[in-house]
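Shown next: work19.pdb, given as PDB, C-alpha atoms (C1' of nucleotides).
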ATOM      1  CA  MET I   1      29.112 -34.372 -13.756
ATOM      2  CA  LYS I   2      25.585 -34.827 -12.529
ATOM      3  CA  GLY I   3      24.381 -31.256 -12.152
ATOM      4  CA  SER I   4      26.824 -29.587  -9.824
ATOM      5  CA  ILE I   5      27.743 -32.721  -7.894
ATOM      6  CA  LEU I   6      31.180 -34.211  -8.343
ATOM      7  CA  ILE I   7      31.469 -37.854  -7.308
ATOM      8  CA  ILE I   8      34.937 -39.167  -6.526
ATOM      9  CA  ALA I   9      35.588 -42.832  -5.732
ATOM     10  CA  THR I  10      38.611 -44.882  -4.764
ATOM     11  CA  TRP I  11      38.869 -48.640  -5.180
ATOM     12  CA  ASN I  12      41.682 -51.106  -4.679
ATOM     13  CA  VAL I  13      40.609 -53.570  -7.369
ATOM     14  CA  ASN I  14      43.280 -56.242  -6.754
ATOM     15  CA  SER I  15      44.005 -56.860 -10.459
ATOM     16  CA  ILE I  16      42.324 -54.771 -13.176
ATOM     17  CA  LYS I  17      42.234 -57.780 -15.496
ATOM     18  CA  VAL I  18      40.249 -59.937 -13.094
ATOM     19  CA  ARG I  19      38.018 -57.050 -12.004
ATOM     20  CA  LEU I  20      37.332 -55.348 -15.358
ATOM     21  CA  GLU I  21      33.901 -56.846 -15.897
ATOM     22  CA  ARG I  22      32.803 -55.893 -12.367
ATOM     23  CA  LEU I  23      34.329 -52.433 -12.717
ATOM     24  CA  LEU I  24      32.524 -51.741 -15.997
ATOM     25  CA  ASP I  25      29.231 -52.915 -14.506
ATOM     26  CA  TRP I  26      29.770 -50.756 -11.421
ATOM     27  CA  LEU I  27      30.633 -47.671 -13.526
ATOM     28  CA  ASP I  28      27.517 -48.225 -15.584
ATOM     29  CA  ARG I  29      25.307 -48.457 -12.501
ATOM     30  CA  THR I  30      26.827 -45.714 -10.317
ATOM     31  CA  SER I  31      28.389 -43.251 -12.812
ATOM     32  CA  PRO I  32      31.108 -41.705 -10.640
ATOM     33  CA  ASP I  33      32.897 -38.746 -12.229
ATOM     34  CA  VAL I  34      36.373 -39.729 -11.063
ATOM     35  CA  VAL I  35      37.710 -43.101  -9.932
ATOM     36  CA  CYS I  36      41.100 -43.735  -8.342
ATOM     37  CA  LEU I  37      42.273 -47.330  -8.728
ATOM     38  CA  GLN I  38      44.998 -49.223  -6.898
ATOM     39  CA  GLU I  39      46.655 -52.614  -7.331
ATOM     40  CA  ILE I  40      45.962 -52.866 -11.036
ATOM     41  CA  LYS I  41      48.737 -55.512 -11.090
ATOM     42  CA  THR I  42      49.673 -55.076 -14.725
ATOM     43  CA  ILE I  43      52.164 -53.143 -16.764
ATOM     44  CA  THR I  44      50.969 -49.753 -18.000
ATOM     45  CA  SER I  45      50.391 -51.005 -21.540
ATOM     46  CA  GLY I  46      48.187 -53.785 -20.173
ATOM     47  CA  PHE I  47      45.657 -51.326 -18.751
ATOM     48  CA  PRO I  48      42.279 -51.629 -20.569
ATOM     49  CA  GLN I  49      42.034 -48.038 -21.813
ATOM     50  CA  GLU I  50      39.857 -48.883 -24.815
ATOM     51  CA  GLU I  51      37.224 -50.758 -22.819
ATOM     52  CA  LEU I  52      37.001 -47.909 -20.318
ATOM     53  CA  ALA I  53      36.859 -45.307 -23.076
ATOM     54  CA  ALA I  54      33.922 -47.189 -24.588
ATOM     55  CA  ALA I  55      32.253 -46.892 -21.171
ATOM     56  CA  GLY I  56      32.796 -43.117 -21.211
ATOM     57  CA  TYR I  57      35.970 -42.803 -19.139
ATOM     58  CA  GLU I  58      39.338 -41.333 -20.002
ATOM     59  CA  SER I  59      42.073 -43.144 -18.156
ATOM     60  CA  VAL I  60      45.694 -42.752 -17.197
ATOM     61  CA  ALA I  61      47.678 -45.533 -15.573
ATOM     62  CA  TRP I  62      51.063 -46.304 -14.145
ATOM     63  CA  GLY I  63      51.615 -50.001 -13.682
ATOM     64  CA  GLN I  64      54.255 -52.656 -13.333
ATOM     65  CA  LYS I  65      54.451 -56.404 -13.561
ATOM     66  CA  THR I  66      52.773 -58.460 -10.822
ATOM     67  CA  TYR I  67      52.497 -55.885  -8.027
ATOM     68  CA  ASN I  68      51.122 -52.455  -7.232
ATOM     69  CA  GLY I  69      49.995 -50.202 -10.079
ATOM     70  CA  VAL I  70      47.632 -47.221  -9.951
ATOM     71  CA  ALA I  71      45.252 -45.472 -12.353
ATOM     72  CA  LEU I  72      42.750 -42.642 -12.698
ATOM     73  CA  LEU I  73      39.447 -42.694 -14.566
ATOM     74  CA  SER I  74      37.522 -39.549 -15.428
ATOM     75  CA  ARG I  75      34.454 -38.609 -17.403
ATOM     76  CA  THR I  76      36.012 -35.190 -18.088
ATOM     77  CA  PRO I  77      39.486 -34.434 -19.451
ATOM     78  CA  MET I  78      42.583 -34.881 -17.330
ATOM     79  CA  SER I  79      45.723 -32.785 -17.570
ATOM     80  CA  ASP I  80      49.111 -32.400 -15.866
ATOM     81  CA  VAL I  81      49.527 -36.129 -15.203
ATOM     82  CA  LEU I  82      52.251 -36.987 -12.691
ATOM     83  CA  ARG I  83      53.571 -40.511 -12.170
ATOM     84  CA  GLY I  84      55.486 -41.210  -8.995
ATOM     85  CA  PHE I  85      57.317 -38.730  -6.807
ATOM     86  CA  THR I  86      59.244 -37.090  -9.641
ATOM     87  CA  GLY I  87      56.246 -37.092 -11.956
ATOM     88  CA  LYS I  88      58.133 -39.159 -14.511
ATOM     89  CA  GLY I  89      57.497 -42.657 -13.173
ATOM     90  CA  GLU I  90      61.072 -43.343 -12.161
ATOM     91  CA  GLU I  91      60.575 -45.415  -8.993
ATOM     92  CA  ASP I  92      60.672 -49.200  -8.823
ATOM     93  CA  GLN I  93      57.208 -49.384  -7.284
ATOM     94  CA  ALA I  94      54.235 -47.886  -9.149
ATOM     95  CA  ARG I  95      52.196 -46.504  -6.272
ATOM     96  CA  LEU I  96      51.309 -42.926  -7.196
ATOM     97  CA  ILE I  97      49.575 -41.118 -10.054
ATOM     98  CA  SER I  98      47.781 -37.798 -10.190
ATOM     99  CA  ALA I  99      46.081 -35.471 -12.642
ATOM    100  CA  ARG I 100      44.226 -32.188 -12.724
ATOM    101  CA  ILE I 101      40.487 -32.845 -13.192
ATOM    102  CA  ASN I 102      37.794 -30.151 -13.074
ATOM    103  CA  GLY I 103      40.252 -27.869 -11.328
ATOM    104  CA  VAL I 104      41.034 -30.477  -8.660
ATOM    105  CA  ARG I 105      44.400 -32.196  -8.246
ATOM    106  CA  VAL I 106      43.250 -35.795  -7.854
ATOM    107  CA  ILE I 107      45.792 -38.295  -6.557
ATOM    108  CA  SER I 108      45.535 -42.092  -6.567
ATOM    109  CA  ALA I 109      47.932 -43.551  -4.006
ATOM    110  CA  TYR I 110      48.722 -47.096  -2.933
ATOM    111  CA  MET I 111      50.643 -46.758   0.296
ATOM    112  CA  PRO I 112      52.861 -49.659   1.354
ATOM    113  CA  ASN I 113      51.411 -52.289   3.657
ATOM    114  CA  GLY I 114      54.418 -52.477   5.969
ATOM    115  CA  ALA I 115      53.843 -55.988   7.320
ATOM    116  CA  GLY I 116      56.532 -58.628   7.423
ATOM    117  CA  GLU I 117      60.217 -57.851   7.725
ATOM    118  CA  PRO I 118      61.067 -54.686   9.692
ATOM    119  CA  ASP I 119      62.471 -52.968   6.599
ATOM    120  CA  ARG I 120      59.007 -53.094   5.102
ATOM    121  CA  PHE I 121      57.563 -51.047   7.946
ATOM    122  CA  ALA I 122      60.440 -48.592   7.545
ATOM    123  CA  TYR I 123      59.639 -48.360   3.823
ATOM    124  CA  LYS I 124      56.005 -47.594   4.610
ATOM    125  CA  LEU I 125      57.055 -44.589   6.709
ATOM    126  CA  GLU I 126      59.691 -43.516   4.174
ATOM    127  CA  TRP I 127      57.177 -43.691   1.349
ATOM    128  CA  MET I 128      54.702 -41.543   3.263
ATOM    129  CA  ALA I 129      57.431 -38.985   3.951
ATOM    130  CA  MET I 130      58.261 -38.903   0.237
ATOM    131  CA  LEU I 131      54.588 -38.418  -0.620
ATOM    132  CA  LEU I 132      54.353 -35.481   1.765
ATOM    133  CA  ARG I 133      57.448 -33.973   0.143
ATOM    134  CA  HIS I 134      55.838 -34.529  -3.271
ATOM    135  CA  LEU I 135      52.686 -32.719  -2.099
ATOM    136  CA  ARG I 136      54.686 -29.747  -0.847
ATOM    137  CA  GLU I 137      56.413 -29.550  -4.209
ATOM    138  CA  HIS I 138      53.507 -30.188  -6.601
ATOM    139  CA  ALA I 139      50.385 -29.040  -4.724
ATOM    140  CA  SER I 140      49.163 -26.450  -2.279
ATOM    141  CA  PRO I 141      46.778 -26.753   0.683
ATOM    142  CA  ASP I 142      45.159 -23.546  -0.601
ATOM    143  CA  GLU I 143      44.037 -25.369  -3.751
ATOM    144  CA  PRO I 144      41.493 -28.201  -4.133
ATOM    145  CA  VAL I 145      43.380 -31.460  -3.713
ATOM    146  CA  ALA I 146      41.927 -34.955  -3.260
ATOM    147  CA  LEU I 147      44.320 -37.606  -1.940
ATOM    148  CA  CYS I 148      42.546 -40.896  -2.536
ATOM    149  CA  GLY I 149      43.589 -44.487  -2.229
ATOM    150  CA  ASP I 150      44.544 -47.487  -0.188
ATOM    151  CA  TYR I 151      46.407 -45.847   2.683
ATOM    152  CA  ASN I 152      46.893 -49.158   4.494
ATOM    153  CA  ILE I 153      46.116 -47.172   7.637
ATOM    154  CA  ALA I 154      43.163 -47.435  10.003
ATOM    155  CA  PRO I 155      43.092 -43.935  11.540
ATOM    156  CA  PHE I 156      41.097 -44.772  14.696
ATOM    157  CA  ASP I 157      40.659 -47.855  16.829
ATOM    158  CA  ASP I 158      37.015 -48.070  15.775
ATOM    159  CA  ASP I 159      38.133 -48.255  12.138
ATOM    160  CA  VAL I 160      39.030 -51.897  12.823
ATOM    161  CA  CYS I 161      36.666 -54.676  13.855
ATOM    162  CA  SER I 162      38.800 -55.577  16.860
ATOM    163  CA  LEU I 163      42.258 -54.761  18.140
ATOM    164  CA  GLU I 164      42.612 -58.364  19.243
ATOM    165  CA  MET I 165      42.546 -59.263  15.555
ATOM    166  CA  PHE I 166      44.414 -56.313  14.039
ATOM    167  CA  GLY I 167      46.233 -54.632  16.930
ATOM    168  CA  ASP I 168      49.626 -55.891  15.736
ATOM    169  CA  THR I 169      49.313 -54.803  12.099
ATOM    170  CA  PRO I 170      51.173 -51.779  10.725
ATOM    171  CA  HIS I 171      47.770 -50.239   9.953
ATOM    172  CA  VAL I 172      47.096 -49.174  13.551
ATOM    173  CA  GLN I 173      50.597 -48.452  14.905
ATOM    174  CA  PRO I 174      51.285 -45.067  16.546
ATOM    175  CA  GLU I 175      54.138 -44.351  14.097
ATOM    176  CA  THR I 176      51.798 -44.931  11.154
ATOM    177  CA  ARG I 177      49.101 -42.712  12.583
ATOM    178  CA  ALA I 178      51.674 -40.036  13.389
ATOM    179  CA  ALA I 179      52.759 -40.072   9.733
ATOM    180  CA  LEU I 180      49.116 -39.663   8.710
ATOM    181  CA  ALA I 181      48.759 -36.721  11.090
ATOM    182  CA  GLU I 182      51.462 -34.895   9.119
ATOM    183  CA  PHE I 183      49.196 -34.948   6.064
ATOM    184  CA  GLN I 184      46.428 -33.460   8.198
ATOM    185  CA  GLN I 185      48.787 -30.765   9.433
ATOM    186  CA  TRP I 186      49.612 -29.943   5.815
ATOM    187  CA  GLY I 187      45.921 -29.339   5.108
ATOM    188  CA  LEU I 188      44.191 -32.591   4.189
ATOM    189  CA  SER I 189      41.253 -34.074   6.077
ATOM    190  CA  ASP I 190      39.250 -37.290   5.881
ATOM    191  CA  VAL I 191      35.936 -36.494   4.160
ATOM    192  CA  PHE I 192      34.397 -39.856   5.086
ATOM    193  CA  ARG I 193      34.538 -40.135   8.848
ATOM    194  CA  PRO I 194      32.516 -36.964   9.651
ATOM    195  CA  HIS I 195      29.597 -38.637   7.854
ATOM    196  CA  HIS I 196      30.008 -41.818   9.926
ATOM    197  CA  PRO I 197      30.731 -40.753  13.511
ATOM    198  CA  GLU I 198      29.522 -44.121  14.827
ATOM    199  CA  GLY I 199      32.593 -45.888  13.410
ATOM    200  CA  LYS I 200      32.954 -49.587  12.578
ATOM    201  CA  VAL I 201      32.499 -48.947   8.859
ATOM    202  CA  PHE I 202      35.090 -50.902   6.875
ATOM    203  CA  SER I 203      36.479 -50.880   3.332
ATOM    204  CA  TRP I 204      38.565 -54.068   3.371
ATOM    205  CA  TRP I 205      37.837 -57.619   4.551
ATOM    206  CA  ASP I 206      40.260 -60.545   4.408
ATOM    207  CA  TYR I 207      39.468 -63.184   1.795
ATOM    208  CA  ARG I 208      40.365 -65.783   4.390
ATOM    209  CA  MET I 209      38.385 -67.076   7.349
ATOM    210  CA  LEU I 210      34.996 -65.696   6.264
ATOM    211  CA  GLY I 211      36.276 -62.186   6.743
ATOM    212  CA  PHE I 212      33.378 -60.481   5.000
ATOM    213  CA  PRO I 213      30.443 -62.543   6.314
ATOM    214  CA  LYS I 214      31.828 -62.021   9.818
ATOM    215  CA  ASN I 215      32.512 -58.322   9.099
ATOM    216  CA  HIS I 216      36.123 -58.748  10.197
ATOM    217  CA  GLY I 217      37.290 -55.658   8.341
ATOM    218  CA  MET I 218      39.274 -52.450   8.535
ATOM    219  CA  ARG I 219      38.732 -48.978   7.094
ATOM    220  CA  ILE I 220      41.983 -48.396   5.244
ATOM    221  CA  ASP I 221      40.830 -46.813   1.961
ATOM    222  CA  HIS I 222      40.355 -43.086   2.215
ATOM    223  CA  ILE I 223      39.466 -39.865   0.466
ATOM    224  CA  TYR I 224      41.246 -36.894   2.019
ATOM    225  CA  ALA I 225      40.739 -33.369   0.702
ATOM    226  CA  THR I 226      42.002 -29.879   1.308
ATOM    227  CA  GLN I 227      39.611 -27.482   3.007
ATOM    228  CA  SER I 228      38.122 -25.829  -0.097
ATOM    229  CA  LEU I 229      37.037 -29.248  -1.393
ATOM    230  CA  ALA I 230      36.396 -31.057   1.902
ATOM    231  CA  SER I 231      33.937 -28.388   3.006
ATOM    232  CA  MET I 232      31.819 -29.220  -0.060
ATOM    233  CA  CYS I 233      31.502 -32.946   0.759
ATOM    234  CA  THR I 234      27.822 -33.747   1.189
ATOM    235  CA  GLU I 235      27.905 -37.551   1.445
ATOM    236  CA  ALA I 236      30.304 -40.474   1.662
ATOM    237  CA  HIS I 237      29.854 -44.214   1.772
ATOM    238  CA  VAL I 238      31.430 -47.618   1.250
ATOM    239  CA  ASP I 239      29.785 -49.618  -1.522
ATOM    240  CA  ARG I 240      29.672 -52.942   0.334
ATOM    241  CA  ASN I 241      27.776 -54.580  -2.508
ATOM    242  CA  GLU I 242      31.048 -54.742  -4.437
ATOM    243  CA  ARG I 243      32.511 -57.034  -1.796
ATOM    244  CA  LYS I 244      29.726 -59.537  -2.457
ATOM    245  CA  GLY I 245      29.084 -61.935  -5.277
ATOM    246  CA  THR I 246      31.412 -63.401  -7.873
ATOM    247  CA  LYS I 247      35.102 -62.533  -7.965
ATOM    248  CA  PRO I 248      35.089 -59.547  -5.611
ATOM    249  CA  SER I 249      38.182 -57.552  -4.722
ATOM    250  CA  ASP I 250      39.019 -57.764  -1.037
ATOM    251  CA  HIS I 251      38.374 -53.995  -0.973
ATOM    252  CA  ALA I 252      35.072 -52.202  -1.614
ATOM    253  CA  PRO I 253      34.872 -48.772  -3.278
ATOM    254  CA  VAL I 254      34.814 -45.671  -1.083
ATOM    255  CA  VAL I 255      32.669 -42.954  -2.661
ATOM    256  CA  ALA I 256      32.269 -39.267  -1.815
ATOM    257  CA  ALA I 257      30.008 -36.571  -3.297
ATOM    258  CA  PHE I 258      31.018 -32.924  -3.486
ATOM    259  CA  ASP I 259      28.875 -29.915  -4.256
ATOM    260  CA  TRP I 260      31.625 -28.621  -6.478
ATOM    261  CA  ARG I 261      30.912 -26.076  -9.167
ATOM    262  CA  VAL I 262      33.566 -25.960 -11.855
TER     263      VAL I 262
ATOM    264  C1'  DA B 263      22.136 -64.466   1.426
ATOM    265  C1'  DT B 264      27.613 -61.844   2.211
ATOM    266  C1'  DG B 265      30.451 -68.104   2.898
ATOM    267  C1'  DG B 266      35.797 -71.708   4.745
ATOM    268  C1'  DC B 267      41.775 -67.021   0.085
ATOM    269  C1'  DC B 268      43.131 -64.684  -4.186
ATOM    270  C1'  DA B 269      46.173 -63.214  -8.040
ATOM    271  C1'  DA B 270      50.414 -63.299 -10.683
ATOM    272  C1'  DT B 271      54.307 -65.761 -12.095
ATOM    273  C1'  DT B 272      59.003 -67.923 -11.388
ATOM    274  C1'  DT B 273      52.696 -72.066 -12.659
ATOM    275  C1'  DT B 274      51.669 -78.115 -10.265
ATOM    276  C1'  DA B 275      55.088 -74.116  -5.821
ATOM    277  C1'  DT B 276      56.080 -69.389  -4.288
ATOM    278  C1'  DT B 277      55.221 -64.682  -2.899
ATOM    279  C1'  DG B 278      52.596 -60.737  -1.359
ATOM    280  C1'  DG B 279      48.475 -59.024   0.245
ATOM    281  C1'  DA B 280      46.538 -56.806   5.344
TER     282       DA B 280
END
Can you dump the structure from the file as structure tokens?
Amino acid sequence: MKGSILIIATWNVNSIKVRLERLLDWLDRTSPDVVCLQEIKTITSGFPQEELAAAGYESVAWGQKTYNGVALLSRTPMSDVLRGFTGKGEEDQARLISARINGVRVISAYMPNGAGEPDRFAYKLEWMAMLLRHLREHASPDEPVALCGDYNIAPFDDDVCSLEMFGDTPHVQPETRAALAEFQQWGLSDVFRPHHPEGKVFSWWDYRMLGFPKNHGMRIDHIYATQSLASMCTEAHVDRNERKGTKPSDHAPVVAAFDWRV
DNA sequence: ATGGCCAATTTTATTGGA
């Protein structure tokens, strides 16, 4: 860590293979302590552990073919790694991994999108309910916990560019936001939004239709923390530069700094 | 400049993403 500041980031990279060069460059320039990745889109054995180790990061991953896949990077050792709801990586969809890092339970989550057929929206809500059950079983709101990832939820109306454009997506529906509120009732809070009360700060922009140049985005990637950790958050931002240039992900990293003494 | 989808696979179409 840099002095007593712990920097945690979350980034949906949309394929670790395509994004590796950009990721390594970004790690080199910004030196976060912990990075939560989503949509690595490769099987676990295809995750580039050696390249990341050479860059100074331990990594743990849980992936699958084609879709989903999550990972954690850390400059300091990780322990107590849990994959999926049971901890053993038994589900069909690889959307959850966590580890203990510097005394913090850090979780990388890729919540379902929920668009398309109605059963997909039902799965989104089911998955969130299973995650909450997992938290009750494996974590405590009295301990430092960071739930990071692509939530596929825009918590407030001003977390989307316009409701005309995104009002029908699962990301803004009352049922989705009600499910998110249950995490808040358990003890997690968004560390980002208090630093950006003005709103209209986004973390995802559609590849299509000039989404980024027109700033047609949504804020759907989040870092939530329990009180002991959240109260130490001194800064948070979206690194919009990573949405620019050659071969960007459609998501930009969300980064938060904590005055966290180990 | 920040530019008219992208990535993986079942690859010369299809599916999912949000």
Residue members of the PyMOL selection byres ((chain B) within 6 of (chain I)) in the file shown, as a ChimeraX atom specification: /B:264,266-267,270
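Atom CA of Asp80 of chain I is positioned 9.0 Å from atom CA of Ile101 of chain I.
Going from atom CA of Gly199 of chain I over to atom CA of Leu163 of chain I, you cover 13.9 Å.
If you measure from each of I:Leu180, I:Val145, I:Leu52, I:Ala230 to Arg193 of chain I using all atoms listed in the file, the closest one turns out to be I:Ala230.
At a cut-off of 10 Å from (31.6, -39.7, -5.8), the residue set is Met1, Ile5, Leu6, Ile7, Ile8, Ala9, Thr10, Thr30, Ser31, Pro32, Asp33, Val34, Val35, Cys233, Thr234, Glu235, Ala236, His237, Pro253, Val254, Val255, Ala256, Ala257 and Phe258 of chain I (counting only C-alpha atoms (C1' of nucleotides)).
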Enter the distance from atom CA of Met232 of chain I to atom CA of Asp259 of chain I, in Å, rounded to one decimal. 5.2 Å
Can you spell out as a ChimeraX atom specification the set of residues that the PyMOL selection byres ((chain I and resi 146) around 12) selects in the structure I just provided? /I:6-10,34-36,97-109,135,139-141,143-145,147-149,183,187-191,222-230,233,256,258
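When you apply the PyMOL selection byres ((chain I and resi 57) around 9) to this structure, what comes back is Asp33, Val34, Gln49, Glu51, Leu52, Ala53, Ala54, Ala55, Gly56, Glu58, Ser59, Leu73, Ser74, Arg75 and Thr76 of chain I.
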Min atom-atom distance to Arg95 of chain I from the set I:His138, I:Ala178, I:Asp150, I:Met78, counting all atoms listed in the file, belongs to I:Asp150
Complete the atoms of segment 46-71 of chain I to N, CA and C atoms and put them out as a short mmCIF file (atom, residue, chain, number, x, y, z; two decimals), keeping the file's coordinate frame.
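Result file out33.cif:
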data_model
loop_
_atom_site.label_atom_id
_atom_site.label_comp_id
_atom_site.auth_asym_id
_atom_site.auth_seq_id
_atom_site.Cartn_x
_atom_site.Cartn_y
_atom_site.Cartn_z
N GLY I 46 49.23 -52.78 -20.33
CA GLY I 46 48.19 -53.78 -20.17
C GLY I 46 46.89 -53.23 -19.62
N PHE I 47 46.87 -51.91 -19.32
CA PHE I 47 45.66 -51.33 -18.75
C PHE I 47 44.58 -51.19 -19.83
N PRO I 48 43.34 -51.57 -19.54
CA PRO I 48 42.28 -51.63 -20.57
C PRO I 48 41.68 -50.26 -20.90
N GLN I 49 42.49 -49.40 -21.50
CA GLN I 49 42.03 -48.04 -21.81
C GLN I 49 40.86 -48.02 -22.79
N GLU I 50 40.90 -48.90 -23.79
CA GLU I 50 39.86 -48.88 -24.82
C GLU I 50 38.49 -49.27 -24.23
N GLU I 51 38.49 -50.31 -23.41
CA GLU I 51 37.22 -50.76 -22.82
C GLU I 51 36.62 -49.66 -21.94
N LEU I 52 37.49 -48.96 -21.20
CA LEU I 52 37.00 -47.91 -20.32
C LEU I 52 36.57 -46.68 -21.12
N ALA I 53 37.26 -46.42 -22.21
CA ALA I 53 36.86 -45.31 -23.08
C ALA I 53 35.47 -45.57 -23.66
N ALA I 54 35.23 -46.83 -24.05
CA ALA I 54 33.92 -47.19 -24.59
C ALA I 54 32.83 -47.00 -23.54
N ALA I 55 33.21 -47.08 -22.26
CA ALA I 55 32.25 -46.89 -21.17
C ALA I 55 32.13 -45.42 -20.77
N GLY I 56 32.92 -44.56 -21.46
CA GLY I 56 32.80 -43.12 -21.21
C GLY I 56 33.85 -42.53 -20.31
N TYR I 57 34.93 -43.28 -20.05
CA TYR I 57 35.97 -42.80 -19.14
C TYR I 57 37.33 -42.69 -19.81
N GLU I 58 37.92 -41.49 -19.70
CA GLU I 58 39.34 -41.33 -20.00
C GLU I 58 40.10 -42.03 -18.90
N SER I 59 41.28 -42.54 -19.22
CA SER I 59 42.07 -43.14 -18.16
C SER I 59 43.55 -42.86 -18.34
N VAL I 60 44.23 -42.79 -17.20
CA VAL I 60 45.69 -42.75 -17.20
C VAL I 60 46.14 -43.79 -16.16
N ALA I 61 47.22 -44.48 -16.47
CA ALA I 61 47.68 -45.53 -15.57
C ALA I 61 49.19 -45.50 -15.43
N TRP I 62 49.64 -46.01 -14.31
CA TRP I 62 51.06 -46.30 -14.14
C TRP I 62 51.14 -47.66 -13.47
N GLY I 63 51.59 -48.65 -14.21
CA GLY I 63 51.62 -50.00 -13.68
C GLY I 63 52.98 -50.64 -13.77
N GLN I 64 53.05 -51.86 -13.25
CA GLN I 64 54.26 -52.66 -13.33
C GLN I 64 53.82 -54.11 -13.29
N LYS I 65 54.75 -54.98 -13.56
CA LYS I 65 54.45 -56.40 -13.56
C LYS I 65 54.13 -56.89 -12.15
N THR I 66 53.10 -57.69 -12.04
CA THR I 66 52.77 -58.46 -10.82
C THR I 66 52.19 -57.66 -9.66
N TYR I 67 52.87 -56.56 -9.26
CA TYR I 67 52.50 -55.88 -8.03
C TYR I 67 52.05 -54.44 -8.28
N ASN I 68 51.38 -53.90 -7.27
CA ASN I 68 51.12 -52.46 -7.23
C ASN I 68 50.37 -51.98 -8.47
N GLY I 69 50.65 -50.76 -8.91
CA GLY I 69 50.00 -50.20 -10.08
C GLY I 69 48.78 -49.38 -9.70
N VAL I 70 48.71 -48.16 -10.27
CA VAL I 70 47.63 -47.22 -9.95
C VAL I 70 47.09 -46.60 -11.24
N ALA I 71 45.86 -46.07 -11.16
CA ALA I 71 45.25 -45.47 -12.35
C ALA I 71 44.20 -44.47 -11.92
#
